Amino acid sequence: MQQLEVSLMIPIPNDSVIIKKVELENLKKTELKGIYWTMRDLEECTKRKTEWIKENILFKPKFRKILDIDSGGFVFYPKSKGQTWAFQATKMAEFLEKNFASIYSR
């Protein structure tokens with residue numbers, strides 16, 4: 001059997017680095033640690049409007065059991081006028097990632 005040995009140099013721009021995928025995921029998680037999202041932040045993240053988010057995620061009973069802080073979750077549901085939504089960013093991002101199919105399935 002014939003073999004060919006090849007040496008290849010690929011330049012990496014000075015403003016770039018190569019890291020393992022696991023390290024990138026850990027950096028992303030760390031970036032959100034200690035951060036709370038508002039409803040506007042969640043809209044930007046999901047590219048959906050408040051009404052869609054409420055209808056398809058926040059007020060769906062199967063999700064509310066997981067999300068609501070009163071059930072041990074990580075979302076503050078306003079209880080009176082003037083209060084605002086609050087989302088623990090790391091956990092909400094993880095929830096959205098893990099439940100994508102359930103959120104979009106009918």
# chains A, B, ... in the order shown; residues from 1 in each chain; ligands from 1
>>> residues_around(residues="A:Trp37", least_positions_apart="2", cutoff="9 Å", atoms="only C-alpha atoms", output="MDAnalysis selection string")
chainID A and resid 35 39:42 85:89 92
>>> write_last_selection(atoms="all heavy atoms", output="JSON list (two decimals), in the first residue's frame")
[["chain", "number", "residue", "atom", "x", "y", "z"],
["A", 35, "ILE", "N", -26.35, 36.72, 36.03],
["A", 35, "ILE", "CA", -27.10, 37.69, 35.22],
["A", 35, "ILE", "C", -28.58, 37.33, 35.25],
["A", 35, "ILE", "O", -28.95, 36.16, 35.15],
["A", 35, "ILE", "CB", -26.61, 37.67, 33.75],
["A", 35, "ILE", "CG1", -25.12, 38.01, 33.66],
["A", 35, "ILE", "CG2", -27.45, 38.61, 32.88],
["A", 35, "ILE", "CD1", -24.76, 39.40, 34.08],
["A", 39, "MET", "N", -37.87, 40.64, 30.52],
["A", 39, "MET", "CA", -38.67, 40.12, 29.41],
["A", 39, "MET", "C", -38.08, 40.60, 28.09],
["A", 39, "MET", "O", -38.03, 39.85, 27.11],
["A", 39, "MET", "CB", -40.13, 40.55, 29.54],
["A", 39, "MET", "CG", -41.02, 40.02, 28.43],
["A", 39, "MET", "SD", -41.08, 38.21, 28.29],
["A", 39, "MET", "CE", -42.25, 37.82, 29.57],
["A", 40, "ARG", "N", -37.60, 41.82, 28.05],
["A", 40, "ARG", "CA", -37.00, 42.36, 26.82],
["A", 40, "ARG", "C", -35.76, 41.54, 26.43],
["A", 40, "ARG", "O", -35.54, 41.25, 25.26],
["A", 40, "ARG", "CB", -36.63, 43.83, 27.00],
["A", 40, "ARG", "CG", -36.04, 44.41, 25.70],
["A", 40, "ARG", "CD", -35.93, 45.89, 25.75],
["A", 40, "ARG", "NE", -37.29, 46.43, 25.72],
["A", 40, "ARG", "CZ", -37.63, 47.63, 26.11],
["A", 40, "ARG", "NH1", -36.73, 48.45, 26.56],
["A", 40, "ARG", "NH2", -38.88, 48.04, 26.05],
["A", 41, "ASP", "N", -34.95, 41.16, 27.41],
["A", 41, "ASP", "CA", -33.78, 40.32, 27.14],
["A", 41, "ASP", "C", -34.20, 38.98, 26.55],
["A", 41, "ASP", "O", -33.59, 38.47, 25.61],
["A", 41, "ASP", "CB", -32.97, 40.05, 28.42],
["A", 41, "ASP", "CG", -32.35, 41.31, 29.01],
["A", 41, "ASP", "OD1", -31.93, 42.19, 28.24],
["A", 41, "ASP", "OD2", -32.31, 41.39, 30.25],
["A", 42, "LEU", "N", -35.27, 38.41, 27.12],
["A", 42, "LEU", "CA", -35.77, 37.12, 26.62],
["A", 42, "LEU", "C", -36.31, 37.25, 25.20],
["A", 42, "LEU", "O", -36.12, 36.37, 24.37],
["A", 42, "LEU", "CB", -36.82, 36.56, 27.57],
["A", 42, "LEU", "CG", -37.26, 35.12, 27.31],
["A", 42, "LEU", "CD1", -36.09, 34.15, 27.32],
["A", 42, "LEU", "CD2", -38.31, 34.70, 28.32],
["A", 85, "TRP", "N", -41.01, 40.81, 35.12],
["A", 85, "TRP", "CA", -40.51, 39.46, 34.98],
["A", 85, "TRP", "C", -39.01, 39.45, 35.26],
["A", 85, "TRP", "O", -38.31, 40.41, 34.94],
["A", 85, "TRP", "CB", -40.73, 38.96, 33.54],
["A", 85, "TRP", "CG", -42.17, 38.72, 33.20],
["A", 85, "TRP", "CD1", -43.06, 39.64, 32.72],
["A", 85, "TRP", "CD2", -42.87, 37.50, 33.32],
["A", 85, "TRP", "NE1", -44.28, 39.04, 32.53],
["A", 85, "TRP", "CE2", -44.19, 37.71, 32.89],
["A", 85, "TRP", "CE3", -42.51, 36.22, 33.74],
["A", 85, "TRP", "CZ2", -45.14, 36.72, 32.86],
["A", 85, "TRP", "CZ3", -43.47, 35.22, 33.70],
["A", 85, "TRP", "CH2", -44.78, 35.48, 33.28],
["A", 86, "ALA", "N", -38.52, 38.35, 35.82],
["A", 86, "ALA", "CA", -37.08, 38.17, 36.02],
["A", 86, "ALA", "C", -36.75, 36.71, 35.72],
["A", 86, "ALA", "O", -37.45, 35.79, 36.16],
["A", 86, "ALA", "CB", -36.67, 38.53, 37.43],
["A", 87, "PHE", "N", -35.69, 36.52, 34.96],
["A", 87, "PHE", "CA", -35.27, 35.18, 34.54],
["A", 87, "PHE", "C", -33.81, 34.99, 34.91],
["A", 87, "PHE", "O", -32.97, 35.82, 34.57],
["A", 87, "PHE", "CB", -35.41, 35.04, 33.02],
["A", 87, "PHE", "CG", -36.77, 35.38, 32.50],
["A", 87, "PHE", "CD1", -37.11, 36.68, 32.16],
["A", 87, "PHE", "CD2", -37.74, 34.39, 32.36],
["A", 87, "PHE", "CE1", -38.36, 37.01, 31.68],
["A", 87, "PHE", "CE2", -39.00, 34.71, 31.88],
["A", 87, "PHE", "CZ", -39.32, 36.01, 31.55],
["A", 88, "GLN", "N", -33.49, 33.90, 35.58],
["A", 88, "GLN", "CA", -32.10, 33.58, 35.86],
["A", 88, "GLN", "C", -31.50, 33.13, 34.52],
["A", 88, "GLN", "O", -31.86, 32.08, 33.98],
["A", 88, "GLN", "CB", -32.02, 32.48, 36.91],
["A", 88, "GLN", "CG", -30.65, 32.27, 37.45],
["A", 88, "GLN", "CD", -30.64, 31.25, 38.58],
["A", 88, "GLN", "OE1", -31.68, 30.74, 38.99],
["A", 88, "GLN", "NE2", -29.46, 30.97, 39.07],
["A", 89, "ALA", "N", -30.61, 33.94, 33.97],
["A", 89, "ALA", "CA", -30.15, 33.78, 32.59],
["A", 89, "ALA", "C", -29.55, 32.41, 32.29],
["A", 89, "ALA", "O", -29.88, 31.80, 31.27],
["A", 89, "ALA", "CB", -29.16, 34.88, 32.24],
["A", 92, "MET", "N", -32.37, 29.77, 32.32],
["A", 92, "MET", "CA", -33.36, 29.98, 31.26],
["A", 92, "MET", "C", -32.76, 29.63, 29.90],
["A", 92, "MET", "O", -33.43, 29.00, 29.08],
["A", 92, "MET", "CB", -33.85, 31.44, 31.26],
["A", 92, "MET", "CG", -35.04, 31.67, 30.37],
["A", 92, "MET", "SD", -36.49, 30.73, 30.98],
["A", 92, "MET", "CE", -37.59, 30.87, 29.60]]
>>> residues_around(residues="A:Ile69", least_positions_apart="5", cutoff="12 Å", atoms="only C-alpha atoms", output="PyMOL selection string")
chain A and resi 58+63-64+74-79+85-88+91
>>> write_last_selection(atoms="all heavy atoms", output="tab-separated table (two decimals), in the first residue's frame")
chain	number	residue	atom	x	y	z
A	58	LEU	N	-44.19	30.43	28.98
A	58	LEU	CA	-44.38	30.79	30.38
A	58	LEU	C	-45.69	30.33	31.00
A	58	LEU	O	-45.73	29.96	32.18
A	58	LEU	CB	-44.21	32.30	30.56
A	58	LEU	CG	-42.84	32.84	30.17
A	58	LEU	CD1	-42.84	34.36	30.21
A	58	LEU	CD2	-41.76	32.26	31.06
A	63	PHE	N	-44.60	23.69	31.43
A	63	PHE	CA	-43.38	24.47	31.60
A	63	PHE	C	-43.42	25.29	32.89
A	63	PHE	O	-42.40	25.45	33.56
A	63	PHE	CB	-43.14	25.40	30.41
A	63	PHE	CG	-42.87	24.67	29.12
A	63	PHE	CD1	-43.36	25.17	27.93
A	63	PHE	CD2	-42.11	23.51	29.08
A	63	PHE	CE1	-43.10	24.52	26.72
A	63	PHE	CE2	-41.85	22.86	27.90
A	63	PHE	CZ	-42.35	23.36	26.70
A	64	ARG	N	-44.59	25.80	33.22
A	64	ARG	CA	-44.69	26.67	34.40
A	64	ARG	C	-44.28	25.92	35.67
A	64	ARG	O	-43.64	26.47	36.56
A	64	ARG	CB	-46.09	27.24	34.55
A	64	ARG	CG	-46.15	28.23	35.71
A	64	ARG	CD	-47.34	29.11	35.68
A	64	ARG	NE	-47.27	30.07	36.79
A	64	ARG	CZ	-48.02	31.13	36.88
A	64	ARG	NH1	-48.89	31.41	35.94
A	64	ARG	NH2	-47.90	31.94	37.91
A	74	PHE	N	-36.78	29.07	38.22
A	74	PHE	CA	-35.83	30.17	38.04
A	74	PHE	C	-36.43	31.37	37.31
A	74	PHE	O	-35.71	32.19	36.76
A	74	PHE	CB	-34.59	29.67	37.31
A	74	PHE	CG	-34.93	28.75	36.16
A	74	PHE	CD1	-35.15	29.26	34.90
A	74	PHE	CD2	-35.03	27.39	36.36
A	74	PHE	CE1	-35.49	28.43	33.86
A	74	PHE	CE2	-35.36	26.54	35.31
A	74	PHE	CZ	-35.58	27.06	34.05
A	75	VAL	N	-37.77	31.44	37.31
A	75	VAL	CA	-38.47	32.57	36.68
A	75	VAL	C	-39.37	33.22	37.72
A	75	VAL	O	-40.17	32.53	38.36
A	75	VAL	CB	-39.31	32.12	35.46
A	75	VAL	CG1	-40.11	33.28	34.90
A	75	VAL	CG2	-38.42	31.51	34.38
A	76	PHE	N	-39.25	34.53	37.87
A	76	PHE	CA	-40.16	35.27	38.74
A	76	PHE	C	-41.35	35.72	37.91
A	76	PHE	O	-41.21	36.48	36.95
A	76	PHE	CB	-39.48	36.50	39.35
A	76	PHE	CG	-40.44	37.36	40.12
A	76	PHE	CD1	-40.91	36.96	41.35
A	76	PHE	CD2	-40.91	38.54	39.57
A	76	PHE	CE1	-41.83	37.74	42.06
A	76	PHE	CE2	-41.83	39.33	40.25
A	76	PHE	CZ	-42.29	38.93	41.50
A	77	TYR	N	-42.52	35.20	38.27
A	77	TYR	CA	-43.78	35.58	37.61
A	77	TYR	C	-44.36	36.76	38.39
A	77	TYR	O	-44.64	36.62	39.59
A	77	TYR	CB	-44.77	34.42	37.64
A	77	TYR	CG	-44.50	33.32	36.64
A	77	TYR	CD1	-43.41	32.46	36.77
A	77	TYR	CD2	-45.34	33.14	35.55
A	77	TYR	CE1	-43.17	31.45	35.87
A	77	TYR	CE2	-45.11	32.12	34.62
A	77	TYR	CZ	-44.03	31.28	34.79
A	77	TYR	OH	-43.79	30.29	33.88
A	78	PRO	N	-44.55	37.91	37.76
A	78	PRO	CA	-45.11	39.07	38.47
A	78	PRO	C	-46.47	38.73	39.08
A	78	PRO	O	-47.28	38.06	38.46
A	78	PRO	CB	-45.26	40.12	37.37
A	78	PRO	CG	-44.33	39.71	36.30
A	78	PRO	CD	-44.28	38.21	36.36
A	79	LYS	N	-46.65	39.19	40.30
A	79	LYS	CA	-47.90	38.90	41.01
A	79	LYS	C	-48.83	40.11	41.06
A	79	LYS	O	-49.99	39.98	41.37
A	79	LYS	CB	-47.58	38.40	42.42
A	79	LYS	CG	-46.90	37.04	42.38
A	79	LYS	CD	-46.33	36.67	43.73
A	79	LYS	CE	-45.62	35.35	43.76
A	79	LYS	NZ	-44.77	35.03	42.65
A	85	TRP	N	-41.01	40.81	35.12
A	85	TRP	CA	-40.51	39.46	34.98
A	85	TRP	C	-39.01	39.45	35.26
A	85	TRP	O	-38.31	40.41	34.94
A	85	TRP	CB	-40.73	38.96	33.54
A	85	TRP	CG	-42.17	38.72	33.20
A	85	TRP	CD1	-43.06	39.64	32.72
A	85	TRP	CD2	-42.87	37.50	33.32
A	85	TRP	NE1	-44.28	39.04	32.53
A	85	TRP	CE2	-44.19	37.71	32.89
A	85	TRP	CE3	-42.51	36.22	33.74
A	85	TRP	CZ2	-45.14	36.72	32.86
A	85	TRP	CZ3	-43.47	35.22	33.70
A	85	TRP	CH2	-44.78	35.48	33.28
A	86	ALA	N	-38.52	38.35	35.82
A	86	ALA	CA	-37.08	38.17	36.02
A	86	ALA	C	-36.75	36.71	35.72
A	86	ALA	O	-37.45	35.79	36.16
A	86	ALA	CB	-36.67	38.53	37.43
A	87	PHE	N	-35.69	36.52	34.96
A	87	PHE	CA	-35.27	35.18	34.54
A	87	PHE	C	-33.81	34.99	34.91
A	87	PHE	O	-32.97	35.82	34.57
A	87	PHE	CB	-35.41	35.04	33.02
A	87	PHE	CG	-36.77	35.38	32.50
A	87	PHE	CD1	-37.11	36.68	32.16
A	87	PHE	CD2	-37.74	34.39	32.36
A	87	PHE	CE1	-38.36	37.01	31.68
A	87	PHE	CE2	-39.00	34.71	31.88
A	87	PHE	CZ	-39.32	36.01	31.55
A	88	GLN	N	-33.49	33.90	35.58
A	88	GLN	CA	-32.10	33.58	35.86
A	88	GLN	C	-31.50	33.13	34.52
A	88	GLN	O	-31.86	32.08	33.98
A	88	GLN	CB	-32.02	32.48	36.91
A	88	GLN	CG	-30.65	32.27	37.45
A	88	GLN	CD	-30.64	31.25	38.58
A	88	GLN	OE1	-31.68	30.74	38.99
A	88	GLN	NE2	-29.46	30.97	39.07
A	91	LYS	N	-29.95	29.45	33.70
A	91	LYS	CA	-30.93	28.37	33.72
A	91	LYS	C	-31.98	28.53	32.62
A	91	LYS	O	-32.43	27.55	32.04
A	91	LYS	CB	-31.57	28.24	35.09
A	91	LYS	CG	-30.56	27.78	36.12
A	91	LYS	CD	-31.18	27.57	37.47
A	91	LYS	CE	-30.11	27.07	38.44
A	91	LYS	NZ	-30.65	26.83	39.77
>>> select_by_dssp(residues="stretch 6-103 of chain A", states="alpha helix (DSSP H)", output="ChimeraX atom specification")
/A:21-32,39-46,50-53,61-67,89-98,100-103
>>> closest_residue(among="A:Glu31, A:Glu23, A:Glu97, A:Asp68", to="A:Thr46", atoms="only C-alpha atoms")
A:Glu97
>>> residues_around(residues="A:Lys28", least_positions_apart="5", cutoff="12 Å", atoms="only C-alpha atoms", output="VMD selection string")
chain A and resid 21 to 23 33 89 to 90 93 to 94
>>> write_last_selection(atoms="all heavy atoms", output="compact mmCIF listing (two decimals), in the first residue's frame")
# COMPACT_ATOMS: atom_id res chain seq x y z
N LYS A 21 -14.61 22.67 22.00
CA LYS A 21 -16.04 22.99 22.10
C LYS A 21 -16.51 23.03 23.55
O LYS A 21 -17.29 23.89 23.94
CB LYS A 21 -16.84 21.93 21.34
CG LYS A 21 -17.86 22.47 20.41
CD LYS A 21 -18.58 21.34 19.72
CE LYS A 21 -19.01 21.80 18.36
NZ LYS A 21 -19.75 20.79 17.63
N VAL A 22 -16.04 22.11 24.35
CA VAL A 22 -16.42 22.04 25.76
C VAL A 22 -16.00 23.32 26.47
O VAL A 22 -16.76 23.88 27.28
CB VAL A 22 -15.77 20.81 26.44
CG1 VAL A 22 -15.99 20.82 27.93
CG2 VAL A 22 -16.31 19.53 25.82
N GLU A 23 -14.81 23.80 26.18
CA GLU A 23 -14.34 25.04 26.79
C GLU A 23 -15.21 26.22 26.37
O GLU A 23 -15.52 27.08 27.18
CB GLU A 23 -12.89 25.31 26.39
CG GLU A 23 -11.89 24.37 27.02
CD GLU A 23 -10.48 24.65 26.58
OE1 GLU A 23 -10.01 25.78 26.77
OE2 GLU A 23 -9.85 23.72 26.05
N LYS A 33 -23.53 33.73 34.10
CA LYS A 33 -23.61 33.47 35.55
C LYS A 33 -23.83 34.78 36.31
O LYS A 33 -23.15 35.76 36.10
CB LYS A 33 -22.32 32.80 36.01
CG LYS A 33 -22.48 32.03 37.26
CD LYS A 33 -21.26 31.19 37.53
CE LYS A 33 -21.72 30.01 38.34
NZ LYS A 33 -20.94 28.85 38.17
N ALA A 89 -30.61 33.94 33.97
CA ALA A 89 -30.15 33.78 32.59
C ALA A 89 -29.55 32.41 32.29
O ALA A 89 -29.88 31.80 31.27
CB ALA A 89 -29.16 34.88 32.24
N THR A 90 -28.66 31.91 33.15
CA THR A 90 -28.01 30.63 32.87
C THR A 90 -29.04 29.50 32.75
O THR A 90 -29.00 28.71 31.80
CB THR A 90 -26.99 30.24 33.96
OG1 THR A 90 -27.62 30.34 35.24
CG2 THR A 90 -25.77 31.11 33.91
N ALA A 93 -31.52 29.99 29.68
CA ALA A 93 -30.85 29.65 28.42
C ALA A 93 -30.77 28.14 28.26
O ALA A 93 -31.04 27.60 27.18
CB ALA A 93 -29.47 30.28 28.37
N GLU A 94 -30.43 27.46 29.33
CA GLU A 94 -30.34 25.99 29.30
C GLU A 94 -31.72 25.37 29.04
O GLU A 94 -31.86 24.44 28.26
CB GLU A 94 -29.78 25.49 30.63
CG GLU A 94 -29.49 24.02 30.67
CD GLU A 94 -28.87 23.60 31.99
OE1 GLU A 94 -28.01 24.33 32.53
OE2 GLU A 94 -29.25 22.52 32.50
>>> select_by_dssp(residues="chain A", states="strand (DSSP E)", output="list in words")
Tyr36, Trp37, Val75, Phe76, Ala86, Phe87 and Gln88 of chain A
>>> closest_residue(among="A:Leu27, A:Gly73, A:Leu4, A:Asn56", to="A:Phe100", atoms="only C-alpha atoms")
A:Asn56
